[in-house]
Amino acid sequence: MRVAIPFTGIDASAFGYGRTRSCPTFGAGYAAYMFGTAINDAPTVNLFTGANDGRLIGAPAAIGLVGGPMAIAFSGAITGGNLLTVTGTVSGDPLAVGQTIELATGAGGILGVISSLGTGTGGAGTYNLTGGVNTTSSSMRAFTRFFEVPGFSRDIFNIGSALTLLAIYKSPISQGILMDDFNGGNLGMLIPSSFDVQTFGRDSASVVVNVSTASGFSNGGTTWSMGVSQFDTTTGQGFIQRSGPARNASAVAGPRAANPMGQTTRKLRTHLYTATTPAATIAGIAIYTKKLSSGEMDDAFSYWRDVLSDVGEVL
C-alpha cells in the first residue's frame with residue numbers, strides 16, 4: 001500500500017500520490033510479494049489476496065531478498081533426528097551453518113537446518129541440525145535464502161492458459177530470478193550472458209520455448225530492473241524496463257503445438273540456479289494468469305517504481 005497526505009486543490013492521483021495504491025491485479029493477479037524490511041514487514045503475505053501463503057527461507061535484507069550460497073547436490077542421511085551425514089562430494093557451494101536442507105527433488109518439505117558443524121567443514125562429514133527429519137541416504141540440496149510461490153507452476157499456468165512472471169530485481173549475469181528448478185527448469189525467468197531477460201519454458205512433451213531480449217542495458221548487478229516473462233500455450237516473450245530507457249521486448253518464441261509449460265510437481269522459486277552462487281537481489285515479484293498488455297506493464301512499473309522510491313531506490 002502507498003499512503004500519502006492529500007493537499008487541497010492539488011490532484012496528484014495520476015502520479016500515485018494522494019491516494020492509497022495497491023499492487024495492480026489487472027483482473028488476473030495470482031500472487032505478488034515484496035521483500036525488504038524497509039519495504040515490507042510481512043514478506044509472505046500475498047498482495048493480491050492478503051493470504052499468508054508464500055514460503056520464505058532465510059531473511060530479506062533492508063531492501064530485497066538477496067541470493068545466498070547453495071549446495072546444489074550431495075548424498076546425505078539424517079539419523080537421530082538431528083545428525084546429517086554427508087558422503088562423497090558436494091556440488092555447488094559448501095555446506096554451511098544456517099543452510100536449510102531438503103531432498104533434491106524439493107518434495108517432502110524441510111529436512112532440517114544446519115545449526116553447527118560436526119566433522120564436516122563444507123563437504124563430506126557430519127552436521128548438526130535443528131528440526132531434523134530422519135531420512136535414509138538420499139540426494140539432497142541446501143539453500144541459504146529463497147522464496148517459494150504457492151501452487152505448482154503448470155497448475156498456475158492452467159488457471160488462465162496464459163501466464164506473466166514479473167520481477168523487480170538487480171542481478172549479475174547467469175542468474176535465475178523466478179523459476180521452478182535449476183537452469184530454468186520447466187518455467188522461468190533468468191538473466192543470461194548479458195543483462196537482459198531470458199524467458200524459458202518446457203512443456204510436458206519436452207518442447208522448449210527460449211528467447212532473450214537484447215536491450216544493451218548494463219550494470220545489471222547494481223541497477224534495478226523490471227523483468228517480465230509472458231507465456232501462452234504456443235509462445236513466449238520477454239521484456240525488460242528501467243526508468244529512462246524504453247521497455248525492450250524480445251522476439252516471440254514459437255508458435256508450437258498448444259500445451260501449457262511448467263511442472264505439476266514443482267513450485268516457482270527465487271534464486272534457484274546451479275551455475276554460480278545465487279547473487280540476484282529481488283525486491284518484488286508478481287504473477288498474473290494472463291499476458292499483460294503494454295499499458296498494464298507500464299502501470300505495474302509505476303507501482304513498483306513508487307514502492308522503491310519511498311525507500312530511496314530508483315527503478
# chains A, B, ... in the order shown; residues from 1 in each chain; ligands from 1

$ select_by_dssp --residues "stretch 64-192 of chain A" --states "strand (DSSP E)" --output "ChimeraX atom specification"
/A:65-66,70-79,83-92,100-103,112-117,125-130,135-143,146-152,162-170,175-179,187-191

$ select_by_dssp --residues "stretch 89-200 of chain A" --states "helix (DSSP H, G or I)" --output "ChimeraX atom specification"
/A:153-160,182-184

$ residues_around --residues "stretch 197-205 of chain A" --least-positions-apart "2" --cutoff "7 Å" --atoms "only C-alpha atoms" --output "list in words"
Gly184, Asn186, Leu187, Gly188, Met189, Leu190, Ile191, Pro192, Val207, Val208, Val209, Asn210, Val211, Ser212, Thr213, Gly227, Ser229, Gly236, Gln237, Gly238, Phe239, Ile240, Asn259, Pro260, Met261 and Gly262 of chain A

$ write_last_selection --atoms "C-alpha atoms" --output "compact mmCIF listing (two decimals), in the first residue's frame"
# COMPACT_ATOMS: atom_id res chain seq x y z
CA GLY A 184 15.19 -22.57 -15.70
CA ASN A 186 10.32 -26.07 -16.93
CA LEU A 187 9.24 -22.48 -16.44
CA GLY A 188 11.13 -19.37 -15.55
CA MET A 189 12.83 -16.01 -15.95
CA LEU A 190 16.64 -15.89 -15.97
CA ILE A 191 19.42 -13.37 -16.54
CA PRO A 192 21.54 -14.87 -19.35
CA VAL A 207 9.10 -28.92 -26.18
CA VAL A 208 11.03 -25.76 -25.25
CA VAL A 209 10.50 -22.04 -25.84
CA ASN A 210 13.57 -19.98 -25.06
CA VAL A 211 14.11 -16.32 -26.00
CA SER A 212 16.10 -13.36 -24.66
CA THR A 213 15.84 -9.59 -25.01
CA GLY A 227 11.74 -8.11 -15.91
CA SER A 229 8.26 -13.13 -19.00
CA GLY A 236 6.80 -16.98 -25.02
CA GLN A 237 8.19 -13.44 -24.91
CA GLY A 238 10.35 -11.39 -22.55
CA PHE A 239 10.57 -7.69 -21.60
CA ILE A 240 12.93 -5.53 -19.56
CA ASN A 259 0.49 -27.27 -24.41
CA PRO A 260 0.98 -25.44 -21.08
CA MET A 261 4.55 -25.14 -19.81
CA GLY A 262 5.76 -25.79 -16.27

$ residues_around --residues "A:Gly131" --least-positions-apart "5" --cutoff "12 Å" --atoms "only C-alpha atoms" --output "PyMOL selection string"
chain A and resi 78-84+100-102+109-115

$ residues_around --residues "A:Pro43" --least-positions-apart "3" --cutoff "7 Å" --atoms "only C-alpha atoms" --output "count of residues only"
4

$ residues_around --residues "A:Thr274" --least-positions-apart "5" --cutoff "9 Å" --atoms "only C-alpha atoms" --output "tab-separated table (two decimals) with C-alpha atoms, in the first residue's frame"
chain	number	residue	atom	x	y	z
A	70	MET	CA	23.57	-23.05	-2.22
A	71	ALA	CA	24.82	-26.64	-2.15
A	72	ILE	CA	23.04	-27.96	-5.21
A	92	GLY	CA	27.90	-26.01	-5.79
A	175	GLN	CA	21.38	-15.97	-12.56
A	176	GLY	CA	17.89	-17.29	-12.00
A	182	PHE	CA	17.82	-25.38	-11.82
A	183	ASN	CA	18.77	-23.61	-15.06

$ atom_distance --atom1 "atom CA of A:Met179" --atom2 "atom CA of A:Gly160"
18.6 Å

$ residues_around --residues "stretch 214-222 of chain A" --least-positions-apart "4" --cutoff "8 Å" --atoms "only C-alpha atoms" --output "ChimeraX atom specification"
/A:170-173,194-196,240,248-250,280

$ write_last_selection --atoms "N, CA, C and O atoms" --output "compact mmCIF listing (two decimals), in the first residue's frame"
# COMPACT_ATOMS: atom_id res chain seq x y z
N LYS A 170 17.82 -6.64 -9.19
CA LYS A 170 19.12 -6.28 -9.76
C LYS A 170 19.97 -7.53 -9.68
O LYS A 170 19.96 -8.24 -8.67
N SER A 171 20.70 -7.81 -10.75
CA SER A 171 21.34 -9.12 -10.83
C SER A 171 22.54 -9.10 -11.75
O SER A 171 22.49 -8.50 -12.83
N PRO A 172 23.62 -9.79 -11.36
CA PRO A 172 24.68 -10.07 -12.32
C PRO A 172 24.19 -11.08 -13.34
O PRO A 172 23.06 -11.58 -13.25
N ILE A 173 25.03 -11.39 -14.32
CA ILE A 173 24.63 -12.34 -15.36
C ILE A 173 24.64 -13.77 -14.83
O ILE A 173 25.16 -14.05 -13.76
N SER A 194 24.03 -11.68 -20.79
CA SER A 194 24.02 -10.22 -20.83
C SER A 194 22.96 -9.78 -19.82
O SER A 194 22.25 -10.61 -19.28
N PHE A 195 22.87 -8.49 -19.55
CA PHE A 195 21.96 -8.02 -18.50
C PHE A 195 20.54 -7.87 -19.06
O PHE A 195 19.93 -6.80 -18.99
N ASP A 196 20.02 -8.92 -19.61
CA ASP A 196 18.70 -8.92 -20.22
C ASP A 196 17.82 -9.96 -19.54
O ASP A 196 18.19 -10.52 -18.52
N ILE A 240 12.16 -6.13 -20.63
CA ILE A 240 12.93 -5.53 -19.56
C ILE A 240 12.70 -4.02 -19.60
O ILE A 240 12.60 -3.44 -20.68
N ASN A 248 12.17 -2.80 -23.48
CA ASN A 248 12.70 -3.56 -24.60
C ASN A 248 12.04 -4.93 -24.61
O ASN A 248 11.89 -5.56 -23.57
N ALA A 249 11.63 -5.37 -25.80
CA ALA A 249 10.95 -6.65 -25.93
C ALA A 249 11.80 -7.62 -26.74
O ALA A 249 12.52 -7.22 -27.66
N SER A 250 11.70 -8.89 -26.38
CA SER A 250 12.35 -9.92 -27.18
C SER A 250 11.47 -10.25 -28.39
O SER A 250 10.34 -9.80 -28.51
N ALA A 280 21.45 -12.60 -7.17
CA ALA A 280 20.48 -11.56 -7.50
C ALA A 280 19.85 -11.01 -6.23
O ALA A 280 19.83 -11.67 -5.19

$ closest_residue --among "A:Thr121, A:Thr277, A:Thr264, A:Thr37" --to "A:Phe152" --atoms "only C-alpha atoms"
A:Thr264

$ atom_distance --atom1 "atom CA of A:Val228" --atom2 "atom CA of A:Ala167"
6.6 Å

$ closest_residue --among "A:Glu296, A:Thr233, A:Trp304, A:Ile285" --to "A:Ile159" --atoms "only C-alpha atoms"
A:Thr233

$ closest_residue --among "A:Leu95, A:Val133, A:Ala251, A:Ile63" --to "A:Trp224" --atoms "only C-alpha atoms"
A:Ile63
